[in-house]
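K.L.:
Next up, query_17.cif (mmCIF, C-alpha atoms).
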data_query
#
loop_
_atom_site.label_atom_id
_atom_site.label_comp_id
_atom_site.auth_asym_id
_atom_site.auth_seq_id
_atom_site.Cartn_x
_atom_site.Cartn_y
_atom_site.Cartn_z
CA MET A 385 -47.15 16.00 22.06
CA ASP A 386 -48.76 13.44 24.36
CA ILE A 387 -47.13 10.65 26.34
CA TYR A 388 -48.49 8.10 23.86
CA GLN A 389 -46.33 9.44 21.05
CA LEU A 390 -43.30 9.76 23.32
CA ILE A 391 -43.47 6.02 23.98
CA VAL A 392 -44.83 4.63 20.72
CA LEU A 393 -42.80 6.56 18.11
CA PRO A 394 -39.35 5.35 19.27
CA ILE A 395 -40.70 1.78 19.32
CA ILE A 396 -41.97 2.22 15.77
CA GLY A 397 -38.56 3.59 14.80
CA VAL A 398 -36.88 0.48 16.17
CA GLY A 399 -39.27 -1.82 14.30
CA VAL A 400 -39.07 0.05 11.00
CA ALA A 401 -35.27 0.20 10.99
CA THR A 402 -34.96 -3.44 12.05
CA LEU A 403 -37.27 -4.66 9.28
CA GLY A 404 -35.77 -2.30 6.71
CA THR A 405 -32.27 -3.55 7.50
CA LEU A 406 -33.37 -7.19 7.39
CA VAL A 407 -34.88 -6.94 3.90
CA GLY A 408 -32.31 -4.45 2.59
CA LEU A 409 -34.85 -1.89 1.35
CA GLY A 410 -34.37 0.86 3.90
CA GLY A 411 -37.00 2.13 6.29
CA GLY A 412 -38.80 4.83 4.30
CA PHE A 413 -40.90 2.42 2.27
CA ILE A 414 -42.13 0.89 5.53
CA LEU A 415 -42.38 4.09 7.60
CA VAL A 416 -44.53 6.21 5.26
CA PRO A 417 -47.53 3.81 5.29
CA ILE A 418 -47.37 3.70 9.10
CA LEU A 419 -47.33 7.50 9.30
CA LEU A 420 -50.30 7.71 6.93
CA VAL A 421 -52.30 5.49 9.27
CA LEU A 422 -51.16 7.16 12.51
CA PHE A 423 -51.62 10.74 11.31
CA PRO A 424 -54.63 10.83 8.95
CA ASN A 425 -54.82 14.63 9.06
CA ALA A 426 -51.16 15.35 8.35
CA SER A 427 -50.25 16.87 4.99
CA PRO A 428 -48.35 14.81 2.38
CA SER A 429 -45.35 17.12 2.78
CA THR A 430 -45.26 16.60 6.56
CA ILE A 431 -45.46 12.81 6.18
CA ALA A 432 -42.68 12.75 3.56
CA SER A 433 -40.52 15.18 5.54
CA ILE A 434 -40.70 13.12 8.73
CA SER A 435 -39.83 9.95 6.83
CA LEU A 436 -36.95 11.57 4.95
CA THR A 437 -35.47 12.90 8.19
CA VAL A 438 -35.35 9.40 9.64
CA VAL A 439 -34.04 7.98 6.37
CA LEU A 440 -31.30 10.63 6.20
CA LEU A 441 -30.09 9.88 9.74
CA ASN A 442 -29.80 6.18 8.95
CA ALA A 443 -28.13 6.83 5.59
CA ILE A 444 -25.48 9.10 7.14
CA SER A 445 -24.70 6.53 9.81
CA ALA A 446 -24.45 3.73 7.26
CA THR A 447 -22.33 5.81 4.88
CA ILE A 448 -19.74 6.51 7.56
CA GLY A 449 -19.28 2.78 8.10
CA ASN A 450 -19.28 2.05 4.37
CA TYR A 451 -16.65 4.73 3.76
CA ARG A 452 -14.39 3.15 6.34
CA ALA A 453 -14.88 -0.22 4.68
CA ARG A 454 -14.11 1.38 1.26
CA LEU A 455 -17.23 -0.04 -0.38
CA ILE A 456 -18.63 3.09 -2.05
CA ASP A 457 -18.47 3.65 -5.81
CA PHE A 458 -18.06 7.43 -5.76
CA LYS A 459 -17.94 7.76 -9.56
CA THR A 460 -21.32 6.10 -9.98
CA VAL A 461 -22.79 8.17 -7.13
CA ALA A 462 -21.65 11.31 -8.97
CA LEU A 463 -23.31 10.14 -12.20
CA LEU A 464 -26.56 9.24 -10.48
CA ALA A 465 -26.60 12.49 -8.49
CA VAL A 466 -26.56 14.57 -11.69
CA GLY A 467 -30.19 13.67 -12.34
CA ALA A 468 -31.35 12.47 -8.92
CA VAL A 469 -30.62 15.59 -6.87
CA PRO A 470 -32.49 18.08 -9.12
CA ALA A 471 -35.33 15.56 -9.44
CA ALA A 472 -35.47 15.29 -5.64
CA VAL A 473 -35.89 19.06 -5.43
CA VAL A 474 -38.76 18.90 -7.94
CA GLY A 475 -40.31 16.01 -6.02
CA ALA A 476 -40.25 18.04 -2.81
CA VAL A 477 -41.95 21.01 -4.48
CA VAL A 478 -44.65 18.86 -6.11
CA SER A 479 -45.28 17.00 -2.84
CA GLY A 480 -46.13 20.31 -1.18
CA ARG A 481 -48.82 21.05 -3.75
CA VAL A 482 -50.82 17.82 -3.83
CA THR A 483 -53.84 17.06 -1.68
CA ARG A 484 -53.85 14.32 0.94
CA SER A 485 -56.35 12.26 -1.09
CA THR A 486 -54.14 12.41 -4.18
CA PHE A 487 -51.10 11.44 -2.12
CA ASP A 488 -53.03 8.55 -0.50
CA LEU A 489 -54.07 7.21 -3.90
CA ALA A 490 -50.58 7.50 -5.40
CA MET A 491 -48.97 5.95 -2.34
CA GLY A 492 -51.51 3.13 -2.35
CA VAL A 493 -50.66 2.24 -5.94
CA MET A 494 -46.97 2.43 -5.11
CA LEU A 495 -47.41 0.08 -2.16
CA VAL A 496 -49.38 -2.52 -4.12
CA PHE A 497 -46.73 -2.64 -6.84
CA GLY A 498 -44.03 -2.51 -4.18
CA SER A 499 -45.48 -5.55 -2.40
CA ALA A 500 -45.32 -7.50 -5.65
CA TYR A 501 -41.68 -6.46 -6.07
CA VAL A 502 -40.83 -7.53 -2.52
CA VAL A 503 -42.19 -11.04 -3.20
CA TRP A 504 -40.36 -11.20 -6.52
CA ARG A 505 -37.16 -10.03 -4.89
CA GLY A 506 -37.33 -12.82 -2.36
CA TYR A 507 -37.96 -15.65 -4.81
CA ARG A 508 -36.77 -14.50 -8.21
CA ALA A 509 -34.14 -11.83 -7.89
CA THR A 510 -30.98 -13.09 -9.58
CA PRO A 511 -28.61 -10.40 -10.86
CA LEU A 512 -27.87 -10.36 -14.56
CA VAL A 513 -24.40 -11.55 -15.48
CA ALA A 514 -22.11 -8.80 -16.70
CA ASP A 515 -20.70 -9.18 -20.21
CA PRO A 516 -17.10 -10.41 -19.81
CA ALA A 517 -16.16 -8.82 -23.14
CA ILE A 518 -16.69 -5.32 -21.76
CA THR A 519 -13.64 -3.72 -20.17
CA PRO A 520 -14.30 -2.72 -16.54
CA ASN A 521 -14.23 1.00 -15.79
CA ARG A 522 -14.57 0.67 -12.01
CA LEU A 523 -12.20 -0.74 -9.41
CA ILE A 524 -13.26 -0.89 -5.77
CA ARG A 525 -10.72 -2.21 -3.28
CA GLU A 526 -12.26 -3.01 0.09
CA ARG A 527 -10.36 -2.38 3.30
CA ASN A 528 -10.05 -6.15 3.74
CA GLY A 529 -8.29 -6.41 0.36
CA THR A 530 -11.17 -7.74 -1.75
CA ILE A 531 -11.21 -6.21 -5.23
CA HIS A 532 -14.30 -5.56 -7.38
CA ARG A 533 -13.87 -4.78 -11.08
CA PHE A 534 -16.97 -3.93 -13.10
CA TYR A 535 -18.39 -1.72 -15.83
CA VAL A 536 -21.00 1.03 -15.42
CA ASN A 537 -22.57 2.61 -18.50
CA THR A 538 -22.44 6.39 -18.03
CA LEU A 539 -25.52 7.28 -20.10
CA THR A 540 -27.60 4.53 -18.50
CA ALA A 541 -26.68 5.66 -14.99
CA VAL A 542 -27.52 9.29 -15.73
CA GLY A 543 -30.79 8.30 -17.40
CA LEU A 544 -31.97 6.14 -14.50
CA SER A 545 -31.48 8.65 -11.71
CA PRO A 546 -34.21 11.30 -12.26
CA ALA A 547 -37.08 8.85 -11.70
CA SER A 548 -35.64 7.49 -8.46
CA GLY A 549 -34.78 10.98 -7.20
CA PHE A 550 -38.27 12.30 -7.83
CA MET A 551 -40.16 9.32 -6.39
CA SER A 552 -37.98 8.99 -3.30
CA SER A 553 -38.44 12.71 -2.55
CA PHE A 554 -42.13 12.95 -3.40
CA PHE A 555 -43.16 9.93 -1.33
CA GLY A 556 -40.45 10.29 1.31
CA ILE A 557 -39.51 6.63 0.93
CA GLY A 558 -35.82 7.02 0.23
CA GLY A 559 -34.32 5.56 -2.92
CA GLY A 560 -33.40 2.05 -1.86
CA VAL A 561 -36.46 0.31 -3.26
CA ILE A 562 -35.75 1.92 -6.66
CA ASN A 563 -31.98 2.32 -6.78
CA VAL A 564 -31.01 -1.12 -5.48
CA PRO A 565 -32.85 -3.11 -8.20
CA ALA A 566 -31.67 -0.63 -10.85
CA MET A 567 -28.04 -1.03 -9.79
CA THR A 568 -28.48 -4.80 -9.62
CA PHE A 569 -30.34 -5.61 -12.83
CA ILE A 570 -29.57 -2.67 -15.13
CA LEU A 571 -26.15 -1.36 -14.12
CA LYS A 572 -25.06 -4.89 -13.04
CA MET A 573 -22.91 -3.71 -10.15
CA PRO A 574 -21.44 -6.14 -7.58
CA SER A 575 -23.79 -6.85 -4.67
CA ARG A 576 -21.22 -5.76 -2.09
CA VAL A 577 -20.97 -2.31 -3.67
CA ILE A 578 -24.67 -1.66 -4.39
CA ALA A 579 -26.09 -0.90 -0.94
CA PRO A 580 -23.20 1.37 0.17
CA THR A 581 -23.39 3.30 -3.11
CA ALA A 582 -27.17 3.62 -2.86
CA MET A 583 -26.84 4.87 0.72
CA LEU A 584 -24.50 7.73 -0.22
CA LEU A 585 -26.83 8.71 -3.06
CA LEU A 586 -29.68 8.67 -0.54
CA VAL A 587 -27.77 11.11 1.68
CA LEU A 588 -27.56 13.54 -1.24
CA THR A 589 -31.16 13.22 -2.45
CA SER A 590 -32.84 13.20 0.95
CA SER A 591 -30.79 16.17 2.21
CA SER A 592 -31.58 18.21 -0.93
CA SER A 593 -35.26 17.29 -0.62
CA LEU A 594 -35.37 18.26 3.06
CA ALA A 595 -33.52 21.53 2.37
CA THR A 596 -36.09 22.37 -0.31
CA ARG A 597 -38.97 21.63 2.06
CA ILE A 598 -37.45 23.84 4.74
CA LEU A 599 -36.78 26.74 2.35
CA THR A 600 -40.33 26.54 0.96
CA ASN A 601 -41.85 26.41 4.47
CA GLN A 602 -43.20 22.89 4.03
CA TYR A 603 -41.46 21.46 7.08
CA GLN A 604 -43.09 23.55 9.78
CA GLU A 605 -44.26 20.62 11.89
CA GLY A 606 -43.14 17.10 12.59
CA TRP A 607 -39.65 17.77 13.96
CA GLU A 608 -40.46 16.17 17.31
CA ARG A 609 -41.99 13.11 15.72
CA ALA A 610 -39.02 12.73 13.39
CA ALA A 611 -36.58 12.99 16.32
CA LEU A 612 -38.38 10.30 18.32
CA LEU A 613 -38.57 7.98 15.30
CA GLY A 614 -34.90 8.67 14.52
CA ILE A 615 -33.79 7.68 18.02
CA GLY A 616 -35.58 4.36 17.66
CA ALA A 617 -34.28 3.85 14.12
CA LEU A 618 -30.65 4.22 15.19
CA ILE A 619 -31.19 1.35 17.62
CA GLY A 620 -33.26 -0.71 15.19
CA ALA A 621 -30.60 -0.56 12.49
CA GLN A 622 -28.15 -2.31 14.79
CA VAL A 623 -30.80 -4.88 15.76
CA GLY A 624 -31.41 -5.57 12.09
CA VAL A 625 -27.72 -6.13 11.44
CA TYR A 626 -27.61 -8.57 14.37
CA LEU A 627 -30.69 -10.50 13.19
CA SER A 628 -29.82 -10.53 9.48
CA SER A 629 -27.93 -13.83 9.71
CA ARG A 630 -30.38 -15.39 12.18
CA VAL A 631 -33.77 -14.84 10.54
CA ASN A 632 -35.36 -16.45 7.46
CA GLN A 633 -35.44 -13.46 5.11
CA LYS A 634 -38.08 -14.97 2.80
CA VAL A 635 -40.56 -15.25 5.67
CA VAL A 636 -39.90 -11.61 6.59
CA LEU A 637 -40.37 -10.55 2.96
CA ILE A 638 -43.71 -12.34 2.68
CA PHE A 639 -44.94 -10.72 5.91
CA LEU A 640 -43.79 -7.32 4.67
CA ALA A 641 -45.41 -7.81 1.24
CA ILE A 642 -48.79 -8.76 2.75
CA SER A 643 -48.70 -5.77 5.10
CA MET A 644 -47.74 -3.39 2.28
CA ALA A 645 -50.52 -4.70 0.03
CA LEU A 646 -53.17 -4.31 2.74
CA VAL A 647 -52.09 -0.77 3.59
CA GLY A 648 -51.84 0.04 -0.13
CA ILE A 649 -55.42 -1.07 -0.75
CA ARG A 650 -56.54 0.99 2.24
CA GLN A 651 -54.81 4.11 0.89
CA ILE A 652 -56.30 3.60 -2.58
CA ILE A 653 -59.79 3.39 -1.07
CA LEU A 654 -59.18 6.55 0.96
CA GLY A 655 -57.84 8.38 -2.07
CA ILE A 656 -60.70 7.53 -4.41
#
Would you write out, as structure tokens, the structure that this file holds?

P.N.:
Amino acid sequence: MDIYQLIVLPIIGVGVATLGTLVGLGGGFILVPILLVLFPNASPSTIASISLTVVLLNAISATIGNYRARLIDFKTVALLAVGAVPAAVVGAVVSGRVTRSTFDLAMGVMLVFGSAYVVWRGYRATPLVADPAITPNRLIRERNGTIHRFYVNTLTAVGLSPASGFMSSFFGIGGGVINVPAMTFILKMPSRVIAPTAMLLLVLTSSSSLATRILTNQYQEGWERAALLGIGALIGAQVGVYLSSRVNQKVVLIFLAISMALVGIRQIILGI
């Protein structure tokens, strides 16, 4: 590894984690496109593995804090994990069998649609109102005393999870960009509970995906890059928390959406 990577990768980790924290989508969706550009000869599995390692480190750190704050809906995590964890294993296996051109094309399409979602999230995203006639089956009491009562449909939660588990594992993006909107608009969970719950689920899916990659000899390179990015990401996450109340989030979202769309178009062209 050259001195260039030793300097640049931690800086990228800081930037990715900062931006991911600011927009609330996690860093994987931002990191993977950067890795595709920086390492054009790396295999899809290596790219996804590096990203998932960084995502897992951030998710563990965040989950520890969320557990202390008592913000995690463990029952819903268990329901989602039933489908998401096996799907993450399948996603890891499939990722190891696709060509780089196929991965580039699929990731490009994902980024273009993702950029549209980011714009929509910034200007349109209003959670659906839960039906007051339905009896709540969840009670989350925060450490500060705040109480959240809400209802989660068991079958809906189980049915949603396989898609997010597979896609987050296959692309190495983490599940935030899929799970957060699903929990918001389909499961109709309280906003304070969504991100902490999604983070714990991400710990389970990303760790199972990484374990599968290691056992199937897919993760034979990239450890050093992942470590350098992870060091920067741990710092960037705290920077993002600090800036979250000081930066215009809509401006950040527009910048992110434009960048994602441009990289997505580039990857589609490369994959064709």

K.L.:
So how many Å separate CA of Thr447 (chain A) and CA of Arg527 (chain A), to one decimal?

P.N.:
14.6 Å

K.L.:
List, as a list in words, every residue that the PyMOL selection byres ((chain A and resi 602) around 9) selects in the file provided.

P.N.:
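With the shown file as input, the PyMOL selection byres ((chain A and resi 602) around 9) matches Ser429, Thr430, Ser433, Ala476, Val477, Gly480, Thr596, Arg597, Ile598, Leu599, Thr600, Asn601, Tyr603, Gln604 and Glu605 of chain A.
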
K.L.:
Measuring atom to atom with all atoms listed in the file, identify which of A:Phe487, A:Phe413, A:Trp607, A:Phe458 is nearest to Leu584 (chain A).

P.N.:
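Nearest candidate to Leu584 (chain A) out of A:Phe487, A:Phe413, A:Trp607, A:Phe458: A:Phe458.
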
K.L.:
Here's the selection I'm unsure about, the PyMOL selection byres ((chain A and resi 520) around 8); applied to the file above, which residues does it give, as a ChimeraX atom specification?

P.N.:
/A:518-519,521-523,533-536

K.L.:
Rank nothing, just name the residue among A:Phe497, A:Asn425, A:Leu441, A:Pro417 nearest to Leu612 (chain A), using all atoms listed in the file.

P.N.:
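Result for the nearest residue to Leu612 (chain A): A:Leu441.
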
K.L.:
At what distance in Å, to one decimal, does CA of Val473 (chain A) lie from CA of Gly543 (chain A)?

P.N.:
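Computed distance, CA of Gly543 (chain A) to CA of Val473 (chain A), equals 16.9 Å.
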
K.L.:
So what does the PyMOL selection byres ((chain A and resi 611) around 12) actually pick up in this one, as an mmCIF file with C-alpha atoms, in the coordinates of the input?

P.N.:
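Writing the result to selection.cif gives the following:
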data_model
loop_
_atom_site.group_PDB
_atom_site.id
_atom_site.type_symbol
_atom_site.label_atom_id
_atom_site.label_comp_id
_atom_site.auth_asym_id
_atom_site.auth_seq_id
_atom_site.Cartn_x
_atom_site.Cartn_y
_atom_site.Cartn_z
ATOM 1 C CA GLN A 389 -46.330 9.440 21.050
ATOM 2 C CA LEU A 390 -43.300 9.760 23.320
ATOM 3 C CA LEU A 393 -42.800 6.560 18.110
ATOM 4 C CA PRO A 394 -39.350 5.350 19.270
ATOM 5 C CA GLY A 397 -38.560 3.590 14.800
ATOM 6 C CA SER A 433 -40.520 15.180 5.540
ATOM 7 C CA ILE A 434 -40.700 13.120 8.730
ATOM 8 C CA SER A 435 -39.830 9.950 6.830
ATOM 9 C CA LEU A 436 -36.950 11.570 4.950
ATOM 10 C CA THR A 437 -35.470 12.900 8.190
ATOM 11 C CA VAL A 438 -35.350 9.400 9.640
ATOM 12 C CA VAL A 439 -34.040 7.980 6.370
ATOM 13 C CA LEU A 440 -31.300 10.630 6.200
ATOM 14 C CA LEU A 441 -30.090 9.880 9.740
ATOM 15 C CA GLU A 605 -44.260 20.620 11.890
ATOM 16 C CA GLY A 606 -43.140 17.100 12.590
ATOM 17 C CA TRP A 607 -39.650 17.770 13.960
ATOM 18 C CA GLU A 608 -40.460 16.170 17.310
ATOM 19 C CA ARG A 609 -41.990 13.110 15.720
ATOM 20 C CA ALA A 610 -39.020 12.730 13.390
ATOM 21 C CA LEU A 612 -38.380 10.300 18.320
ATOM 22 C CA LEU A 613 -38.570 7.980 15.300
ATOM 23 C CA GLY A 614 -34.900 8.670 14.520
ATOM 24 C CA ILE A 615 -33.790 7.680 18.020
ATOM 25 C CA GLY A 616 -35.580 4.360 17.660
ATOM 26 C CA ALA A 617 -34.280 3.850 14.120
ATOM 27 C CA LEU A 618 -30.650 4.220 15.190
#

K.L.:
Measure the distance from CA of Asn563 (chain A) to CA of Met551 (chain A) in Å and round it to one decimal.

P.N.:
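These two atoms are separated by 10.8 Å.
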
K.L.:
I'd like the contact shell of region 460-467 of chain A - 6 Å cut-off, all atoms listed in the file, skipping same-chain residues fewer than 5 positions apart - returned as a count of residues only.

P.N.:
5

K.L.:
Check the smallest atom-to-atom distance from each of A:Ile431, A:Leu422, A:Ala582, A:Val493 to Asn450 (chain A) using only C-alpha atoms, then report the winner.

P.N.:
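Smallest distance to Asn450 (chain A) is found for A:Ala582.
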
K.L.:
Using only C-alpha atoms, which of the listed residues (A:Ile414, A:Ile638, A:Val392, A:Ile387) sits closest to Gly556 (chain A)?

P.N.:
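With only C-alpha atoms as the atom set, the closest residue is A:Ile414.
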
K.L.:
Could you list, as a list in words, every residue within 6 Å of Ala401 (chain A), counting all atoms listed in the file and ignoring same-chain residues fewer than 6 positions away?

P.N.:
Gly411, Ala617, Gly620 and Ala621 of chain A

K.L.:
Counting all atoms listed in the file, which residues have an atom no more than 12 Å from (-58.7, 14.3, 5.5) in the file's coordinates? Please list them as number ranges by chain.

P.N.:
A: 420-421, 423-428, 483-488, 651, 654-655

K.L.:
Which polymer residues have any atom within 8 Å of an atom of Ile456 (chain A), counting all atoms listed in the file, with same-chain residues fewer than 5 positions away left out, as a ChimeraX atom specification?

P.N.:
/A:450-451,524,577,580-581,584

K.L.:
Just give me the residues with any atom within 9 Å of (-45.3, -0.5, -2.5), file coordinates, counting all atoms listed in the file, written as a PyMOL selection string.

P.N.:
chain A and resi 413-414+491-502+561+641+644-645+648
